[in-house]
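The data block below is input-v5.txt; it holds compact mmCIF, C-alpha atoms.
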```txt
# COMPACT_ATOMS: atom_id res chain seq x y z
CA MET E 1 -45.20 -21.16 -0.79
CA SER E 2 -42.26 -19.02 -1.83
CA ILE E 3 -40.48 -15.87 -0.74
CA GLU E 4 -39.01 -13.42 -3.23
CA LEU E 5 -36.41 -11.19 -1.60
CA GLU E 6 -36.31 -7.47 -2.33
CA PRO E 7 -32.99 -5.74 -3.01
CA LEU E 8 -32.82 -4.73 0.66
CA PRO E 9 -34.79 -6.99 3.00
CA ALA E 10 -34.53 -6.79 6.78
CA LEU E 11 -34.88 -9.77 9.09
CA VAL E 12 -37.21 -8.92 11.98
CA VAL E 13 -37.09 -11.32 14.94
CA ILE E 14 -40.01 -10.97 17.32
CA ASP E 15 -39.81 -11.45 21.10
CA LEU E 16 -37.15 -14.15 21.36
CA GLN E 17 -36.40 -13.18 24.94
CA LEU E 18 -35.78 -15.20 28.06
CA GLY E 19 -39.20 -14.79 29.69
CA ILE E 20 -41.14 -15.76 26.58
CA VAL E 21 -38.90 -18.53 25.27
CA GLU E 22 -38.76 -20.18 28.70
CA ALA E 23 -42.55 -19.96 29.04
CA MET E 24 -43.03 -21.62 25.64
CA GLY E 25 -40.85 -24.61 26.61
CA THR E 26 -38.86 -26.87 24.31
CA GLY E 27 -41.02 -26.08 21.30
CA ALA E 28 -39.50 -22.61 21.15
CA MET E 29 -35.91 -23.78 20.75
CA GLN E 30 -36.35 -24.70 17.08
CA VAL E 31 -37.64 -21.19 16.46
CA VAL E 32 -34.60 -19.76 18.26
CA GLU E 33 -32.18 -21.95 16.28
CA ARG E 34 -33.70 -21.10 12.90
CA SER E 35 -33.97 -17.40 13.71
CA ALA E 36 -30.33 -17.38 14.81
CA GLU E 37 -29.30 -19.10 11.57
CA LEU E 38 -31.18 -16.53 9.53
CA ALA E 39 -29.71 -13.66 11.55
CA GLU E 40 -26.20 -14.92 10.91
CA ALA E 41 -26.92 -15.23 7.18
CA PHE E 42 -28.45 -11.75 6.91
CA ARG E 43 -25.45 -10.25 8.71
CA ALA E 44 -23.06 -12.13 6.44
CA HIS E 45 -24.80 -10.58 3.43
CA GLY E 46 -24.67 -7.10 4.94
CA LEU E 47 -28.43 -6.96 5.44
CA PRO E 48 -30.26 -5.44 8.43
CA VAL E 49 -31.18 -7.62 11.39
CA VAL E 50 -33.84 -6.29 13.76
CA LEU E 51 -34.15 -7.84 17.21
CA VAL E 52 -37.40 -6.95 18.94
CA ASN E 53 -38.24 -7.55 22.57
CA VAL E 54 -41.32 -6.65 24.58
CA ALA E 55 -41.22 -4.95 27.98
CA GLY E 56 -44.91 -4.40 28.62
CA ALA E 57 -48.32 -4.21 27.03
CA ALA E 58 -50.84 -1.61 26.03
CA PRO E 59 -53.16 -0.75 28.94
CA GLY E 60 -56.46 -1.47 27.18
CA ARG E 61 -58.80 -3.84 28.95
CA THR E 62 -59.29 -7.30 27.41
CA GLU E 63 -61.11 -10.45 28.42
CA ARG E 64 -57.80 -11.81 29.69
CA THR E 65 -56.88 -8.75 31.73
CA LYS E 66 -60.11 -7.17 32.94
CA ALA E 67 -60.05 -9.19 36.16
CA ARG E 68 -56.81 -7.45 37.19
CA THR E 69 -57.23 -4.97 40.02
CA ARG E 70 -54.24 -2.76 39.07
CA PRO E 71 -54.90 -0.57 36.04
CA GLY E 72 -52.35 0.44 33.45
CA ALA E 73 -49.80 -1.31 31.27
CA ARG E 74 -48.34 -4.61 32.36
CA VAL E 75 -44.56 -4.53 32.75
CA LEU E 76 -42.07 -7.41 32.45
CA SER E 77 -38.98 -7.79 34.62
CA PRO E 78 -35.61 -6.77 33.09
CA GLU E 79 -34.46 -10.40 33.14
CA ALA E 80 -37.55 -11.56 31.25
CA THR E 81 -36.94 -9.00 28.50
CA ARG E 82 -33.33 -10.04 27.78
CA LEU E 83 -32.83 -11.44 24.28
CA VAL E 84 -31.82 -15.09 24.19
CA PRO E 85 -28.02 -15.44 23.85
CA GLU E 86 -28.37 -17.74 20.83
CA LEU E 87 -29.21 -14.70 18.69
CA HIS E 88 -25.64 -13.39 19.20
CA ARG E 89 -26.71 -9.76 19.13
CA GLN E 90 -24.23 -7.62 17.20
CA PRO E 91 -23.50 -3.87 17.35
CA SER E 92 -24.81 -3.58 13.78
CA ASP E 93 -28.22 -5.00 14.73
CA ILE E 94 -31.23 -2.74 15.10
CA THR E 95 -32.85 -3.35 18.49
CA VAL E 96 -36.23 -2.07 19.58
CA THR E 97 -38.30 -2.58 22.71
CA LYS E 98 -42.05 -2.58 22.21
CA ARG E 99 -44.97 -2.12 24.57
CA THR E 100 -47.66 -3.16 22.12
CA LEU E 101 -48.40 -6.42 20.32
CA GLY E 102 -46.70 -5.27 17.12
CA ALA E 103 -43.22 -3.84 16.71
CA PHE E 104 -44.15 -0.60 14.91
CA LEU E 105 -46.72 1.37 16.91
CA SER E 106 -44.71 1.86 20.11
CA THR E 107 -41.21 2.12 18.60
CA ASP E 108 -39.20 4.02 15.97
CA LEU E 109 -38.77 0.86 13.87
CA ASP E 110 -40.37 2.34 10.75
CA ALA E 111 -37.98 5.32 10.75
CA ARG E 112 -34.97 3.10 11.36
CA LEU E 113 -35.87 0.70 8.55
CA ARG E 114 -36.46 3.56 6.13
CA ALA E 115 -33.13 5.10 7.14
CA VAL E 116 -31.29 2.00 5.91
CA GLY E 117 -33.45 1.68 2.80
CA ALA E 118 -35.28 -1.53 3.72
CA THR E 119 -38.41 -2.22 1.67
CA GLN E 120 -39.21 -5.71 2.96
CA ILE E 121 -39.35 -7.40 6.33
CA VAL E 122 -38.74 -11.11 6.80
CA LEU E 123 -40.49 -12.19 9.99
CA THR E 124 -39.69 -14.86 12.58
CA GLY E 125 -40.43 -15.24 16.28
CA ILE E 126 -43.04 -15.72 18.96
CA SER E 127 -45.92 -15.72 18.86
CA THR E 128 -47.41 -16.32 15.44
CA THR E 129 -50.85 -14.89 16.22
CA SER E 130 -49.71 -12.01 18.42
CA GLY E 131 -46.36 -10.27 17.94
CA VAL E 132 -45.66 -11.68 14.50
CA GLU E 133 -49.08 -11.10 12.97
CA SER E 134 -49.50 -7.66 14.57
CA THR E 135 -46.10 -6.56 13.27
CA ALA E 136 -46.97 -7.88 9.81
CA ARG E 137 -50.26 -6.00 9.67
CA SER E 138 -48.59 -2.69 10.51
CA ALA E 139 -45.73 -3.34 8.08
CA PHE E 140 -48.14 -4.16 5.26
CA GLU E 141 -50.13 -1.00 5.88
CA LEU E 142 -46.91 1.06 5.98
CA GLY E 143 -46.00 -0.19 2.52
CA TYR E 144 -43.41 -2.86 3.28
CA HIS E 145 -43.36 -6.18 1.50
CA VAL E 146 -43.81 -8.85 4.17
CA ALA E 147 -42.38 -12.37 4.22
CA PHE E 148 -43.21 -15.00 6.84
CA VAL E 149 -40.71 -17.74 7.71
CA VAL E 150 -43.33 -20.10 9.05
CA ASP E 151 -40.98 -22.80 10.39
CA ALA E 152 -39.21 -20.12 12.46
CA MET E 153 -42.26 -19.06 14.45
CA THR E 154 -44.60 -20.71 16.92
CA ASP E 155 -47.61 -20.08 19.11
CA ALA E 156 -49.02 -21.46 22.35
CA SER E 157 -51.94 -22.75 20.28
CA PRO E 158 -51.03 -24.96 17.30
CA GLU E 159 -54.54 -24.45 15.91
CA ALA E 160 -54.22 -20.67 16.06
CA HIS E 161 -50.72 -20.85 14.52
CA ASP E 162 -52.06 -22.89 11.61
CA ALA E 163 -55.05 -20.60 11.15
CA SER E 164 -52.82 -17.51 10.86
CA ILE E 165 -50.65 -19.21 8.25
CA ARG E 166 -53.61 -20.49 6.28
CA TYR E 167 -56.02 -17.57 6.45
CA GLN E 168 -54.25 -14.37 7.49
CA PHE E 169 -50.68 -14.45 6.20
CA PRO E 170 -51.59 -14.86 2.51
CA LYS E 171 -53.46 -11.53 2.77
CA LEU E 172 -50.38 -9.78 4.14
CA GLY E 173 -47.36 -11.22 2.37
CA GLU E 174 -45.43 -14.22 1.14
CA ILE E 175 -44.90 -17.50 2.99
CA GLY E 176 -41.79 -19.66 3.04
CA THR E 177 -39.32 -21.61 5.14
CA THR E 178 -35.86 -21.07 6.58
CA VAL E 179 -34.25 -23.18 3.87
CA GLU E 180 -36.02 -21.20 1.16
CA VAL E 181 -34.89 -17.86 2.57
CA LEU E 182 -31.30 -19.06 2.90
CA ALA E 183 -31.42 -20.24 -0.72
CA ALA E 184 -32.88 -16.90 -1.82
CA LEU E 185 -30.04 -15.09 -0.04
CA ALA E 186 -27.49 -17.26 -1.84
CA THR E 187 -29.15 -16.60 -5.20
CA ARG E 188 -29.27 -12.87 -4.47
CA GLU E 189 -25.56 -12.85 -3.69
CA ALA E 190 -24.71 -14.83 -6.83
CA ARG E 191 -26.63 -12.35 -8.97
CA ARG E 192 -24.94 -9.42 -7.25
CA ARG E 193 -21.50 -10.87 -7.91
CA SER E 194 -22.38 -11.69 -11.49
CA ALA E 195 -23.57 -8.13 -12.07
CA GLY E 196 -20.36 -6.81 -10.55
CA GLU E 197 -18.20 -8.99 -12.78
CA GLY E 198 -20.11 -7.82 -15.82
CA ARG E 199 -19.17 -4.18 -15.33
```
Spell out the structure here as structure tokens.
Amino acid sequence: MSIELEPLPALVVIDLQLGIVEAMGTGAMQVVERSAELAEAFRAHGLPVVLVNVAGAAPGRTERTKARTRPGARVLSPEATRLVPELHRQPSDITVTKRTLGAFLSTDLDARLRAVGATQIVLTGISTTSGVESTARSAFELGYHVAFVVDAMTDASPEAHDASIRYQFPKLGEIGTTVEVLAALATREARRRSAGEGR
């Protein structure tokens, strides 16, 4: 497992919001802490940080929702959609609110990433098999390089989480850990400074 950073990667943090993190329980706090650490590092290096929250869901019928009597998209309360304070949202961050599983189809995220020149997304968040994987699939098909920080994501099902990492993620991108990404950022900065001194 290793992640190679592009010249301009963007950190994309999926659905670390009050309603979801609270529902996931204590297991989500490690994801929050590692995502916050990565966000701070990306900002320090002048790299884009994208904070994604979800406010609803696509209206299509599924096995989980077909018993509902009210048709249409499900909507979350404003409190449930608030990003967790540990992320320390900054004015420079890109924020998008999605109403689909992935972060691209119902938002302008693609246009905003292209506007800043990002060619790679580094993914963290909740949940591994839903928001994270759906975002990765769209990103891959849009031509982005995708990197998964697998110790900064979780899922309600450990078995499903492991299956995504083992079987799906290798088809879509590179796999690594928080420590590896932080080290890659440090190496990237050292090379940048060395190149600058050589001019």
Can you list, as a PyMOL selection string, every protein, DNA or RNA residue that comes within 8 Å of Ala10 (chain E) when you count all atoms listed in the file, leaving out same-chain residues fewer than 4 positions away? chain E and resi 42+47-50+113+118-122
Looking at E:Arg82, E:Arg193, E:His88, E:Arg61, which one is nearest to Ser35 (chain E), with distances taken over all atoms listed in the file? E:His88
Å distance separating CA of Val13 (chain E) from CA of Arg191 (chain E), one decimal place: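 Result for CA of Val13 (chain E) versus CA of Arg191 (chain E): 26.1 Å, one decimal.
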Leaving out Ala44 (chain E) and any residue of its chain fewer than 2 positions from it, which residues lie within 12 Å of it when counting only C-alpha atoms, given as an MDAnalysis selection string? chainID E and resid 37:42 46:49 90 92 182 185:186 189
Counting all atoms listed in the file, the residue of E:His145, E:His161, E:Arg188, E:Arg137 that sits nearest Glu174 (chain E):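 So, comparing all the options, the nearest one is E:His145.
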One residue among E:Leu76, E:Val181, E:Leu51, E:Ala152 is nearest to Gly125 (chain E) when using only C-alpha atoms, and that residue is E:Ala152
May I have the centre and edge lengths, in Å to one decimal, of an axis-aligned box around the listed atoms of region 117-124 of chain E with 5 Å added to every side, as lines of an AutoDock Vina configuration file?
```
center_x = -37.0
center_y = -6.6
center_z = 7.1
size_x = 17.0
size_y = 26.5
size_z = 20.9
```
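Interatomic distance, CA of Gly60 (chain E) to CA of Phe148 (chain E): 27.8 Å.
Put simply, CA of Pro85 (chain E) is 11.9 Å away from CA of Met29 (chain E).
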Nearest candidate to Thr177 (chain E) (options E:Val149, E:Asp155, E:Ala139, E:Ile165; using all atoms listed in the file):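 Closest to Thr177 (chain E), using all atoms listed in the file: E:Val149.
Closest approach to Leu5 (chain E) among E:Gly173, E:Gly131, E:Pro91, E:Gly102 is made by E:Gly173 (distances from only C-alpha atoms).
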Given all atoms listed in the file as the counted atoms, nearest of E:Ile126, E:Ala147, E:Ala111, E:Ala103 to Glu6 (chain E):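 Looking only at the distances to Glu6 (chain E), the closest residue turns out to be E:Ala147.
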Distance cut-off 12 Å, centre (-41.3, -22.3, 19.5) in file coordinates, counting only C-alpha atoms: which residues qualify? Return them as an mmCIF file with C-alpha atoms, in the frame of the given file.
```
data_model
loop_
_atom_site.group_PDB
_atom_site.id
_atom_site.type_symbol
_atom_site.label_atom_id
_atom_site.label_comp_id
_atom_site.auth_asym_id
_atom_site.auth_seq_id
_atom_site.Cartn_x
_atom_site.Cartn_y
_atom_site.Cartn_z
ATOM 1 C CA ILE E 14 -40.010 -10.970 17.320
ATOM 2 C CA ASP E 15 -39.810 -11.450 21.100
ATOM 3 C CA LEU E 16 -37.150 -14.150 21.360
ATOM 4 C CA GLN E 17 -36.400 -13.180 24.940
ATOM 5 C CA ILE E 20 -41.140 -15.760 26.580
ATOM 6 C CA VAL E 21 -38.900 -18.530 25.270
ATOM 7 C CA GLU E 22 -38.760 -20.180 28.700
ATOM 8 C CA ALA E 23 -42.550 -19.960 29.040
ATOM 9 C CA MET E 24 -43.030 -21.620 25.640
ATOM 10 C CA GLY E 25 -40.850 -24.610 26.610
ATOM 11 C CA THR E 26 -38.860 -26.870 24.310
ATOM 12 C CA GLY E 27 -41.020 -26.080 21.300
ATOM 13 C CA ALA E 28 -39.500 -22.610 21.150
ATOM 14 C CA MET E 29 -35.910 -23.780 20.750
ATOM 15 C CA GLN E 30 -36.350 -24.700 17.080
ATOM 16 C CA VAL E 31 -37.640 -21.190 16.460
ATOM 17 C CA VAL E 32 -34.600 -19.760 18.260
ATOM 18 C CA GLU E 33 -32.180 -21.950 16.280
ATOM 19 C CA ARG E 34 -33.700 -21.100 12.900
ATOM 20 C CA SER E 35 -33.970 -17.400 13.710
ATOM 21 C CA THR E 124 -39.690 -14.860 12.580
ATOM 22 C CA GLY E 125 -40.430 -15.240 16.280
ATOM 23 C CA ILE E 126 -43.040 -15.720 18.960
ATOM 24 C CA SER E 127 -45.920 -15.720 18.860
ATOM 25 C CA THR E 128 -47.410 -16.320 15.440
ATOM 26 C CA VAL E 150 -43.330 -20.100 9.050
ATOM 27 C CA ASP E 151 -40.980 -22.800 10.390
ATOM 28 C CA ALA E 152 -39.210 -20.120 12.460
ATOM 29 C CA MET E 153 -42.260 -19.060 14.450
ATOM 30 C CA THR E 154 -44.600 -20.710 16.920
ATOM 31 C CA ASP E 155 -47.610 -20.080 19.110
ATOM 32 C CA ALA E 156 -49.020 -21.460 22.350
ATOM 33 C CA SER E 157 -51.940 -22.750 20.280
ATOM 34 C CA PRO E 158 -51.030 -24.960 17.300
ATOM 35 C CA HIS E 161 -50.720 -20.850 14.520
#
```
Step by step: start from the point (-43.8, 2.5, 11.4) in the file's coordinates, keep every protein, DNA or RNA residue that has an atom no farther than 12 Å from it, count all atoms listed in the file, and write the set as an MDAnalysis selection string. chainID E and resid 102:115 121 135:144
Please provide as a VMD selection string all residues within 12 Å of Pro78 (chain E), with the sequence filter that same-chain residues fewer than 4 positions apart are discarded (counting all atoms listed in the file). chain E and resid 17 to 19 53 to 56 82 to 83 97
Would you mind putting back N, CA and C atoms on region 95-129 of chain E, then writing it out as a PDB file, in the coordinates of the input?
```pdb
ATOM      1  N   THR E  95     -32.080  -2.786  17.382  1.00  0.00           N
ATOM      2  CA  THR E  95     -32.850  -3.350  18.490  1.00  0.00           C
ATOM      3  C   THR E  95     -33.938  -2.371  18.904  1.00  0.00           C
ATOM      4  N   VAL E  96     -35.129  -2.899  19.109  1.00  0.00           N
ATOM      5  CA  VAL E  96     -36.230  -2.070  19.580  1.00  0.00           C
ATOM      6  C   VAL E  96     -36.985  -2.810  20.676  1.00  0.00           C
ATOM      7  N   THR E  97     -37.483  -2.036  21.625  1.00  0.00           N
ATOM      8  CA  THR E  97     -38.300  -2.580  22.710  1.00  0.00           C
ATOM      9  C   THR E  97     -39.710  -2.058  22.557  1.00  0.00           C
ATOM     10  N   LYS E  98     -40.656  -2.973  22.442  1.00  0.00           N
ATOM     11  CA  LYS E  98     -42.050  -2.580  22.210  1.00  0.00           C
ATOM     12  C   LYS E  98     -42.901  -2.745  23.466  1.00  0.00           C
ATOM     13  N   ARG E  99     -43.994  -2.030  23.482  1.00  0.00           N
ATOM     14  CA  ARG E  99     -44.970  -2.120  24.570  1.00  0.00           C
ATOM     15  C   ARG E  99     -46.384  -2.274  23.999  1.00  0.00           C
ATOM     16  N   THR E 100     -46.412  -2.828  22.792  1.00  0.00           N
ATOM     17  CA  THR E 100     -47.660  -3.160  22.120  1.00  0.00           C
ATOM     18  C   THR E 100     -47.472  -4.537  21.504  1.00  0.00           C
ATOM     19  N   LEU E 101     -48.530  -5.104  20.937  1.00  0.00           N
ATOM     20  CA  LEU E 101     -48.400  -6.420  20.320  1.00  0.00           C
ATOM     21  C   LEU E 101     -47.419  -6.385  19.148  1.00  0.00           C
ATOM     22  N   GLY E 102     -47.567  -5.388  18.282  1.00  0.00           N
ATOM     23  CA  GLY E 102     -46.700  -5.270  17.120  1.00  0.00           C
ATOM     24  C   GLY E 102     -45.486  -4.419  17.394  1.00  0.00           C
ATOM     25  N   ALA E 103     -44.498  -4.502  16.494  1.00  0.00           N
ATOM     26  CA  ALA E 103     -43.220  -3.840  16.710  1.00  0.00           C
ATOM     27  C   ALA E 103     -43.161  -2.419  16.156  1.00  0.00           C
ATOM     28  N   PHE E 104     -44.211  -1.921  15.519  1.00  0.00           N
ATOM     29  CA  PHE E 104     -44.150  -0.600  14.910  1.00  0.00           C
ATOM     30  C   PHE E 104     -44.779   0.509  15.743  1.00  0.00           C
ATOM     31  N   LEU E 105     -45.952   0.277  16.325  1.00  0.00           N
ATOM     32  CA  LEU E 105     -46.720   1.370  16.910  1.00  0.00           C
ATOM     33  C   LEU E 105     -46.058   2.022  18.114  1.00  0.00           C
ATOM     34  N   SER E 106     -45.297   1.284  18.901  1.00  0.00           N
ATOM     35  CA  SER E 106     -44.710   1.860  20.110  1.00  0.00           C
ATOM     36  C   SER E 106     -43.192   2.036  20.011  1.00  0.00           C
ATOM     37  N   THR E 107     -42.658   1.984  18.790  1.00  0.00           N
ATOM     38  CA  THR E 107     -41.210   2.120  18.600  1.00  0.00           C
ATOM     39  C   THR E 107     -40.923   3.015  17.386  1.00  0.00           C
ATOM     40  N   ASP E 108     -39.631   3.259  17.153  1.00  0.00           N
ATOM     41  CA  ASP E 108     -39.200   4.020  15.970  1.00  0.00           C
ATOM     42  C   ASP E 108     -38.739   3.087  14.858  1.00  0.00           C
ATOM     43  N   LEU E 109     -39.243   1.856  14.830  1.00  0.00           N
ATOM     44  CA  LEU E 109     -38.770   0.860  13.870  1.00  0.00           C
ATOM     45  C   LEU E 109     -38.976   1.321  12.426  1.00  0.00           C
ATOM     46  N   ASP E 110     -40.115   1.911  12.123  1.00  0.00           N
ATOM     47  CA  ASP E 110     -40.370   2.340  10.750  1.00  0.00           C
ATOM     48  C   ASP E 110     -39.291   3.330  10.298  1.00  0.00           C
ATOM     49  N   ALA E 111     -38.997   4.327  11.114  1.00  0.00           N
ATOM     50  CA  ALA E 111     -37.980   5.320  10.750  1.00  0.00           C
ATOM     51  C   ALA E 111     -36.607   4.681  10.585  1.00  0.00           C
ATOM     52  N   ARG E 112     -36.288   3.729  11.425  1.00  0.00           N
ATOM     53  CA  ARG E 112     -34.970   3.100  11.360  1.00  0.00           C
ATOM     54  C   ARG E 112     -34.831   2.204  10.135  1.00  0.00           C
ATOM     55  N   LEU E 113     -35.905   1.519   9.758  1.00  0.00           N
ATOM     56  CA  LEU E 113     -35.870   0.700   8.550  1.00  0.00           C
ATOM     57  C   LEU E 113     -35.768   1.579   7.308  1.00  0.00           C
ATOM     58  N   ARG E 114     -36.519   2.665   7.285  1.00  0.00           N
ATOM     59  CA  ARG E 114     -36.460   3.560   6.130  1.00  0.00           C
ATOM     60  C   ARG E 114     -35.087   4.214   6.020  1.00  0.00           C
ATOM     61  N   ALA E 115     -34.455   4.469   7.150  1.00  0.00           N
ATOM     62  CA  ALA E 115     -33.130   5.100   7.140  1.00  0.00           C
ATOM     63  C   ALA E 115     -32.081   4.221   6.469  1.00  0.00           C
ATOM     64  N   VAL E 116     -32.253   2.902   6.557  1.00  0.00           N
ATOM     65  CA  VAL E 116     -31.290   2.000   5.910  1.00  0.00           C
ATOM     66  C   VAL E 116     -31.764   1.545   4.537  1.00  0.00           C
ATOM     67  N   GLY E 117     -32.947   1.994   4.135  1.00  0.00           N
ATOM     68  CA  GLY E 117     -33.450   1.680   2.800  1.00  0.00           C
ATOM     69  C   GLY E 117     -34.183   0.367   2.665  1.00  0.00           C
ATOM     70  N   ALA E 118     -34.578  -0.244   3.778  1.00  0.00           N
ATOM     71  CA  ALA E 118     -35.280  -1.530   3.720  1.00  0.00           C
ATOM     72  C   ALA E 118     -36.683  -1.342   3.149  1.00  0.00           C
ATOM     73  N   THR E 119     -37.074  -2.248   2.248  1.00  0.00           N
ATOM     74  CA  THR E 119     -38.410  -2.220   1.670  1.00  0.00           C
ATOM     75  C   THR E 119     -39.208  -3.484   1.975  1.00  0.00           C
ATOM     76  N   GLN E 120     -38.571  -4.422   2.668  1.00  0.00           N
ATOM     77  CA  GLN E 120     -39.210  -5.710   2.960  1.00  0.00           C
ATOM     78  C   GLN E 120     -38.789  -6.160   4.347  1.00  0.00           C
ATOM     79  N   ILE E 121     -39.724  -6.765   5.072  1.00  0.00           N
ATOM     80  CA  ILE E 121     -39.350  -7.400   6.330  1.00  0.00           C
ATOM     81  C   ILE E 121     -39.607  -8.901   6.231  1.00  0.00           C
ATOM     82  N   VAL E 122     -38.661  -9.652   6.754  1.00  0.00           N
ATOM     83  CA  VAL E 122     -38.740 -11.110   6.800  1.00  0.00           C
ATOM     84  C   VAL E 122     -38.923 -11.476   8.261  1.00  0.00           C
ATOM     85  N   LEU E 123     -40.079 -12.045   8.600  1.00  0.00           N
ATOM     86  CA  LEU E 123     -40.490 -12.190   9.990  1.00  0.00           C
ATOM     87  C   LEU E 123     -40.278 -13.597  10.547  1.00  0.00           C
ATOM     88  N   THR E 124     -39.748 -13.640  11.783  1.00  0.00           N
ATOM     89  CA  THR E 124     -39.690 -14.860  12.580  1.00  0.00           C
ATOM     90  C   THR E 124     -40.070 -14.502  14.012  1.00  0.00           C
ATOM     91  N   GLY E 125     -40.281 -15.513  14.862  1.00  0.00           N
ATOM     92  CA  GLY E 125     -40.430 -15.240  16.280  1.00  0.00           C
ATOM     93  C   GLY E 125     -41.649 -15.823  16.943  1.00  0.00           C
ATOM     94  N   ILE E 126     -41.964 -15.259  18.095  1.00  0.00           N
ATOM     95  CA  ILE E 126     -43.040 -15.720  18.960  1.00  0.00           C
ATOM     96  C   ILE E 126     -43.857 -14.489  19.381  1.00  0.00           C
ATOM     97  N   SER E 127     -45.172 -14.569  19.339  1.00  0.00           N
ATOM     98  CA  SER E 127     -45.920 -15.720  18.860  1.00  0.00           C
ATOM     99  C   SER E 127     -46.554 -15.398  17.514  1.00  0.00           C
ATOM    100  N   THR E 128     -46.871 -16.444  16.793  1.00  0.00           N
ATOM    101  CA  THR E 128     -47.410 -16.320  15.440  1.00  0.00           C
ATOM    102  C   THR E 128     -48.624 -15.395  15.393  1.00  0.00           C
ATOM    103  N   THR E 129     -49.574 -15.606  16.284  1.00  0.00           N
ATOM    104  CA  THR E 129     -50.850 -14.890  16.220  1.00  0.00           C
ATOM    105  C   THR E 129     -50.840 -13.549  16.941  1.00  0.00           C
TER     106      THR E 129
END
```
